[in-house]
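The structure under discussion appears below in the form of structure tokens.
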Amino acid sequence: MVISLNELSLFIIGFFATFIGTLAGGGGLISLPAMLLIGVPIHSAIAANKFSNTFSSFSSFFVLLKQKKIKLKAALIIAPFSIVGGITGGYVASSLSDRIMMVIAILLLCIALLLSFLKKTEPTSEAETTVKKQMFPYLYGIGVYDGMFGPGQGTLLMYTFLHHGFSYLAAVAFTRFQTFLSCLGAFTMFYVSGHFNWQIAIFLALGSLVGAQASLVVANKISTAHLKLLLRVVTLLLIVELTFKLFN
């Protein structure tokens, strides 16, 4: 089997987008522009992104689950809000303009950045964090946003869990699980509407799977202070990129 330059490019895009996205969120603003740059149609690019994120996010979540950074029972609590949010977002995406979604993303990311500077109560154990009821509306809302557009949702989820006292690796685990479900819901809507190309999605997904596993190796070796700094830097870059897109 001979791999074309475009297929190799999709693999590389998937790797780097998921590697950075798993650690700090924002992978969508790497993969989507890069796919458009190599000529992938916008609807096919978003559908492929949802497909690859479904597999890569579940693979990294499963590793952290095996390492007991999170409890399955605690993760399943957020499942209805995540998958319904993704389905809802995919359904309403066609009724909202790109400009409106950009404005929503910028506002949410600015709020998330401010939250990162607030003091948080540290958890007593990485394996004992639980999702509280007051978090449900935020998780559903971010799921809807992920279904509509997506870039930055990982960052928003990370801030949500960190702000409520979760450890960094527990926040990564919950974020990857929510991403898996919301992307699954959104992908279903894109597939039904006919905006899906298997050839594009498969190579992007393969790169994403490798990137997800590589990021988990790095996450265990970087200090919490450095990871929080990375999270804030990525957030600033996301805000700048979205603002630039909004006015151009």
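Letters A, B, ... go to the chains of the structure tokens in the order shown; residues in each chain start at 1; ligands are counted from 1 in the same order.
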(request) Just the residues within 7 Å of segment 49-54 of chain A, please, counting only C-alpha atoms, with nothing from its chain fewer than 2 positions along; format it as an NGL selection string. (result) :A and (45-47 or 56-58 or 180 or 183-184 or 186-187 or 201 or 204-205 or 208)
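Using only C-alpha atoms, the shortest contact distance between Gly150 of chain A and any of A:Leu32, A:Leu72, A:Ala170, A:Leu64 is found at A:Leu32.
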(message) Need to verify the contact set: Val92 of chain A, 12 Å, only C-alpha atoms, exclusion of same-chain residues closer than 2 positions in sequence. Can you return it as a PyMOL selection string?
(response) chain A and resi 85-90+94-97+101+144-149+186+189-190
Per-residue DSSP, segment 15-236 of chain A, filtered to helix (DSSP H, G or I), as an mmCIF file with C-alpha atoms, in the first residue's frame:
```
data_model
loop_
_atom_site.group_PDB
_atom_site.id
_atom_site.type_symbol
_atom_site.label_atom_id
_atom_site.label_comp_id
_atom_site.auth_asym_id
_atom_site.auth_seq_id
_atom_site.Cartn_x
_atom_site.Cartn_y
_atom_site.Cartn_z
ATOM 1 C CA PHE A 15 -0.605 13.499 15.852
ATOM 2 C CA PHE A 16 0.373 17.058 16.761
ATOM 3 C CA ALA A 17 -3.192 18.319 17.218
ATOM 4 C CA THR A 18 -4.059 15.539 19.657
ATOM 5 C CA PHE A 19 -0.678 15.628 21.427
ATOM 6 C CA ILE A 20 -1.124 19.305 22.293
ATOM 7 C CA GLY A 21 -4.892 19.052 22.702
ATOM 8 C CA THR A 22 -4.659 16.274 25.297
ATOM 9 C CA LEU A 23 -2.183 18.246 27.422
ATOM 10 C CA ALA A 24 -3.783 21.671 27.188
ATOM 11 C CA GLY A 28 -9.078 21.639 17.016
ATOM 12 C CA LEU A 29 -7.502 24.975 16.135
ATOM 13 C CA ILE A 30 -4.463 23.072 14.928
ATOM 14 C CA SER A 31 -6.161 20.307 12.970
ATOM 15 C CA LEU A 32 -9.002 22.244 11.301
ATOM 16 C CA PRO A 33 -6.901 25.056 9.745
ATOM 17 C CA ALA A 34 -4.227 22.544 8.748
ATOM 18 C CA MET A 35 -6.761 20.322 6.961
ATOM 19 C CA LEU A 36 -8.245 23.311 5.163
ATOM 20 C CA LEU A 37 -4.730 24.298 4.126
ATOM 21 C CA ILE A 42 -14.766 22.400 5.624
ATOM 22 C CA HIS A 43 -17.626 20.001 6.420
ATOM 23 C CA SER A 44 -15.441 16.959 5.755
ATOM 24 C CA ALA A 45 -12.701 18.471 7.938
ATOM 25 C CA ILE A 46 -15.047 18.957 10.909
ATOM 26 C CA ALA A 47 -16.565 15.483 10.475
ATOM 27 C CA ALA A 48 -13.102 13.869 10.278
ATOM 28 C CA ASN A 49 -12.026 15.799 13.363
ATOM 29 C CA LYS A 50 -15.004 14.495 15.346
ATOM 30 C CA PHE A 51 -14.321 10.942 14.144
ATOM 31 C CA SER A 52 -10.625 11.016 15.102
ATOM 32 C CA ASN A 53 -11.323 12.694 18.447
ATOM 33 C CA THR A 54 -13.792 9.933 19.296
ATOM 34 C CA PHE A 55 -11.069 7.279 19.134
ATOM 35 C CA SER A 56 -8.089 9.264 20.434
ATOM 36 C CA SER A 57 -9.961 10.677 23.425
ATOM 37 C CA PHE A 58 -11.276 7.249 24.426
ATOM 38 C CA SER A 59 -7.809 5.664 24.131
ATOM 39 C CA SER A 60 -6.204 8.232 26.464
ATOM 40 C CA PHE A 61 -9.171 8.030 28.873
ATOM 41 C CA PHE A 62 -8.858 4.235 28.985
ATOM 42 C CA VAL A 63 -5.145 4.433 29.876
ATOM 43 C CA LEU A 64 -5.845 6.862 32.736
ATOM 44 C CA LEU A 65 -8.726 4.655 33.884
ATOM 45 C CA LYS A 66 -6.369 1.664 34.070
ATOM 46 C CA LEU A 72 -15.483 4.634 35.919
ATOM 47 C CA LYS A 73 -18.565 5.218 38.085
ATOM 48 C CA ALA A 74 -17.630 8.893 38.473
ATOM 49 C CA ALA A 75 -17.037 9.246 34.726
ATOM 50 C CA LEU A 76 -20.360 7.656 33.755
ATOM 51 C CA ALA A 79 -22.175 10.628 30.091
ATOM 52 C CA PRO A 80 -25.770 11.835 29.435
ATOM 53 C CA PHE A 81 -24.737 15.509 29.480
ATOM 54 C CA SER A 82 -21.757 14.860 27.215
ATOM 55 C CA ILE A 83 -23.389 12.822 24.469
ATOM 56 C CA VAL A 84 -26.678 14.773 24.423
ATOM 57 C CA GLY A 85 -24.666 17.994 24.320
ATOM 58 C CA GLY A 86 -22.719 16.741 21.313
ATOM 59 C CA ILE A 87 -25.875 15.670 19.486
ATOM 60 C CA THR A 88 -27.559 18.995 20.260
ATOM 61 C CA GLY A 89 -24.556 20.961 19.028
ATOM 62 C CA GLY A 90 -24.335 18.972 15.815
ATOM 63 C CA TYR A 91 -28.020 19.509 15.180
ATOM 64 C CA VAL A 92 -28.049 23.290 15.680
ATOM 65 C CA ALA A 93 -24.683 23.965 13.981
ATOM 66 C CA SER A 94 -26.312 24.663 10.625
ATOM 67 C CA SER A 95 -28.520 27.388 12.119
ATOM 68 C CA ASP A 98 -19.389 30.926 11.947
ATOM 69 C CA ARG A 99 -19.121 34.474 13.313
ATOM 70 C CA ILE A 100 -21.540 33.821 16.172
ATOM 71 C CA MET A 101 -19.694 30.636 17.125
ATOM 72 C CA MET A 102 -16.381 32.529 17.084
ATOM 73 C CA VAL A 103 -17.776 35.163 19.466
ATOM 74 C CA ILE A 104 -19.071 32.452 21.822
ATOM 75 C CA ALA A 105 -15.685 30.700 21.790
ATOM 76 C CA ILE A 106 -13.754 33.913 22.543
ATOM 77 C CA LEU A 107 -16.019 34.824 25.474
ATOM 78 C CA LEU A 108 -15.833 31.345 26.988
ATOM 79 C CA LEU A 109 -12.049 31.161 26.655
ATOM 80 C CA CYS A 110 -11.583 34.585 28.269
ATOM 81 C CA ILE A 111 -13.705 33.448 31.219
ATOM 82 C CA ALA A 112 -11.731 30.202 31.417
ATOM 83 C CA LEU A 113 -8.432 32.090 31.484
ATOM 84 C CA LEU A 114 -9.640 34.248 34.387
ATOM 85 C CA LEU A 115 -10.765 31.134 36.265
ATOM 86 C CA GLU A 126 -6.545 11.703 42.395
ATOM 87 C CA ALA A 127 -8.758 8.600 42.356
ATOM 88 C CA GLU A 128 -11.529 10.025 44.578
ATOM 89 C CA LYS A 133 -24.331 18.559 40.283
ATOM 90 C CA GLN A 134 -23.509 22.238 39.779
ATOM 91 C CA MET A 135 -21.035 21.185 37.072
ATOM 92 C CA PHE A 136 -23.696 19.534 34.884
ATOM 93 C CA PRO A 137 -24.880 22.709 33.066
ATOM 94 C CA TYR A 138 -21.270 23.627 32.232
ATOM 95 C CA LEU A 139 -20.536 20.133 30.908
ATOM 96 C CA TYR A 140 -23.693 20.106 28.788
ATOM 97 C CA GLY A 141 -22.962 23.593 27.432
ATOM 98 C CA ILE A 142 -19.395 22.694 26.494
ATOM 99 C CA GLY A 143 -20.723 19.503 24.883
ATOM 100 C CA VAL A 144 -23.096 21.598 22.762
ATOM 101 C CA TYR A 145 -20.224 23.890 21.754
ATOM 102 C CA ASP A 146 -18.088 20.869 20.837
ATOM 103 C CA GLY A 147 -20.879 19.548 18.631
ATOM 104 C CA MET A 148 -21.295 22.920 16.910
ATOM 105 C CA GLN A 153 -13.577 22.833 24.202
ATOM 106 C CA GLY A 154 -10.796 20.721 25.696
ATOM 107 C CA THR A 155 -9.304 23.838 27.281
ATOM 108 C CA LEU A 156 -12.694 24.857 28.673
ATOM 109 C CA LEU A 157 -13.218 21.394 30.140
ATOM 110 C CA MET A 158 -9.762 21.367 31.705
ATOM 111 C CA TYR A 159 -10.467 24.687 33.415
ATOM 112 C CA THR A 160 -13.882 23.481 34.580
ATOM 113 C CA PHE A 161 -12.472 20.396 36.300
ATOM 114 C CA LEU A 162 -9.356 22.129 37.661
ATOM 115 C CA HIS A 163 -11.445 24.965 39.075
ATOM 116 C CA TYR A 168 -4.400 17.623 36.645
ATOM 117 C CA LEU A 169 -4.449 13.984 35.486
ATOM 118 C CA ALA A 170 -8.009 13.488 36.754
ATOM 119 C CA ALA A 171 -9.026 16.610 34.796
ATOM 120 C CA VAL A 172 -7.356 15.158 31.680
ATOM 121 C CA ALA A 173 -9.224 11.868 32.178
ATOM 122 C CA PHE A 174 -12.651 13.487 32.589
ATOM 123 C CA THR A 175 -11.941 15.854 29.684
ATOM 124 C CA ARG A 176 -11.005 12.991 27.357
ATOM 125 C CA PHE A 177 -14.106 11.010 28.382
ATOM 126 C CA GLN A 178 -16.428 13.960 27.791
ATOM 127 C CA THR A 179 -14.681 14.660 24.458
ATOM 128 C CA PHE A 180 -15.181 11.031 23.418
ATOM 129 C CA LEU A 181 -18.924 11.198 24.052
ATOM 130 C CA SER A 182 -19.626 14.681 22.670
ATOM 131 C CA CYS A 183 -17.613 13.919 19.517
ATOM 132 C CA LEU A 184 -19.449 10.610 19.113
ATOM 133 C CA GLY A 185 -22.766 12.444 19.251
ATOM 134 C CA ALA A 186 -21.618 15.165 16.848
ATOM 135 C CA PHE A 187 -20.019 12.657 14.460
ATOM 136 C CA THR A 188 -23.328 10.785 14.264
ATOM 137 C CA MET A 189 -25.074 13.959 13.085
ATOM 138 C CA PHE A 190 -22.373 14.730 10.488
ATOM 139 C CA TYR A 191 -22.437 11.146 9.211
ATOM 140 C CA VAL A 192 -26.214 11.161 8.815
ATOM 141 C CA TRP A 198 -13.536 7.707 5.268
ATOM 142 C CA GLN A 199 -10.183 8.204 3.542
ATOM 143 C CA ILE A 200 -9.619 11.544 5.243
ATOM 144 C CA ALA A 201 -10.909 10.403 8.637
ATOM 145 C CA ILE A 202 -8.901 7.168 8.913
ATOM 146 C CA PHE A 203 -5.440 8.752 8.520
ATOM 147 C CA LEU A 204 -6.334 11.658 10.794
ATOM 148 C CA ALA A 205 -7.599 9.172 13.406
ATOM 149 C CA LEU A 206 -4.427 7.049 13.237
ATOM 150 C CA GLY A 207 -2.265 10.107 13.880
ATOM 151 C CA SER A 208 -4.555 11.163 16.717
ATOM 152 C CA LEU A 209 -4.318 7.767 18.414
ATOM 153 C CA VAL A 210 -0.510 7.910 18.410
ATOM 154 C CA GLY A 211 -0.523 11.538 19.579
ATOM 155 C CA ALA A 212 -2.911 10.753 22.448
ATOM 156 C CA GLN A 213 -0.678 7.999 23.822
ATOM 157 C CA ALA A 214 2.497 10.080 23.421
ATOM 158 C CA SER A 215 0.943 12.965 25.349
ATOM 159 C CA LEU A 216 0.125 10.712 28.318
ATOM 160 C CA VAL A 217 3.779 9.705 28.587
ATOM 161 C CA VAL A 218 4.773 13.376 28.654
ATOM 162 C CA ALA A 219 1.987 14.346 31.080
ATOM 163 C CA THR A 224 1.962 20.643 37.484
ATOM 164 C CA ALA A 225 3.313 24.210 37.353
ATOM 165 C CA HIS A 226 4.610 23.705 33.807
ATOM 166 C CA LEU A 227 1.369 22.064 32.704
ATOM 167 C CA LYS A 228 -0.694 24.975 34.062
ATOM 168 C CA LEU A 229 1.606 27.404 32.246
ATOM 169 C CA LEU A 230 1.129 25.439 29.019
ATOM 170 C CA LEU A 231 -2.633 25.554 29.542
ATOM 171 C CA ARG A 232 -2.606 29.356 29.903
ATOM 172 C CA VAL A 233 -0.307 29.873 26.900
ATOM 173 C CA VAL A 234 -2.524 27.701 24.700
ATOM 174 C CA THR A 235 -5.585 29.625 25.907
ATOM 175 C CA LEU A 236 -4.039 32.962 24.951
#
```
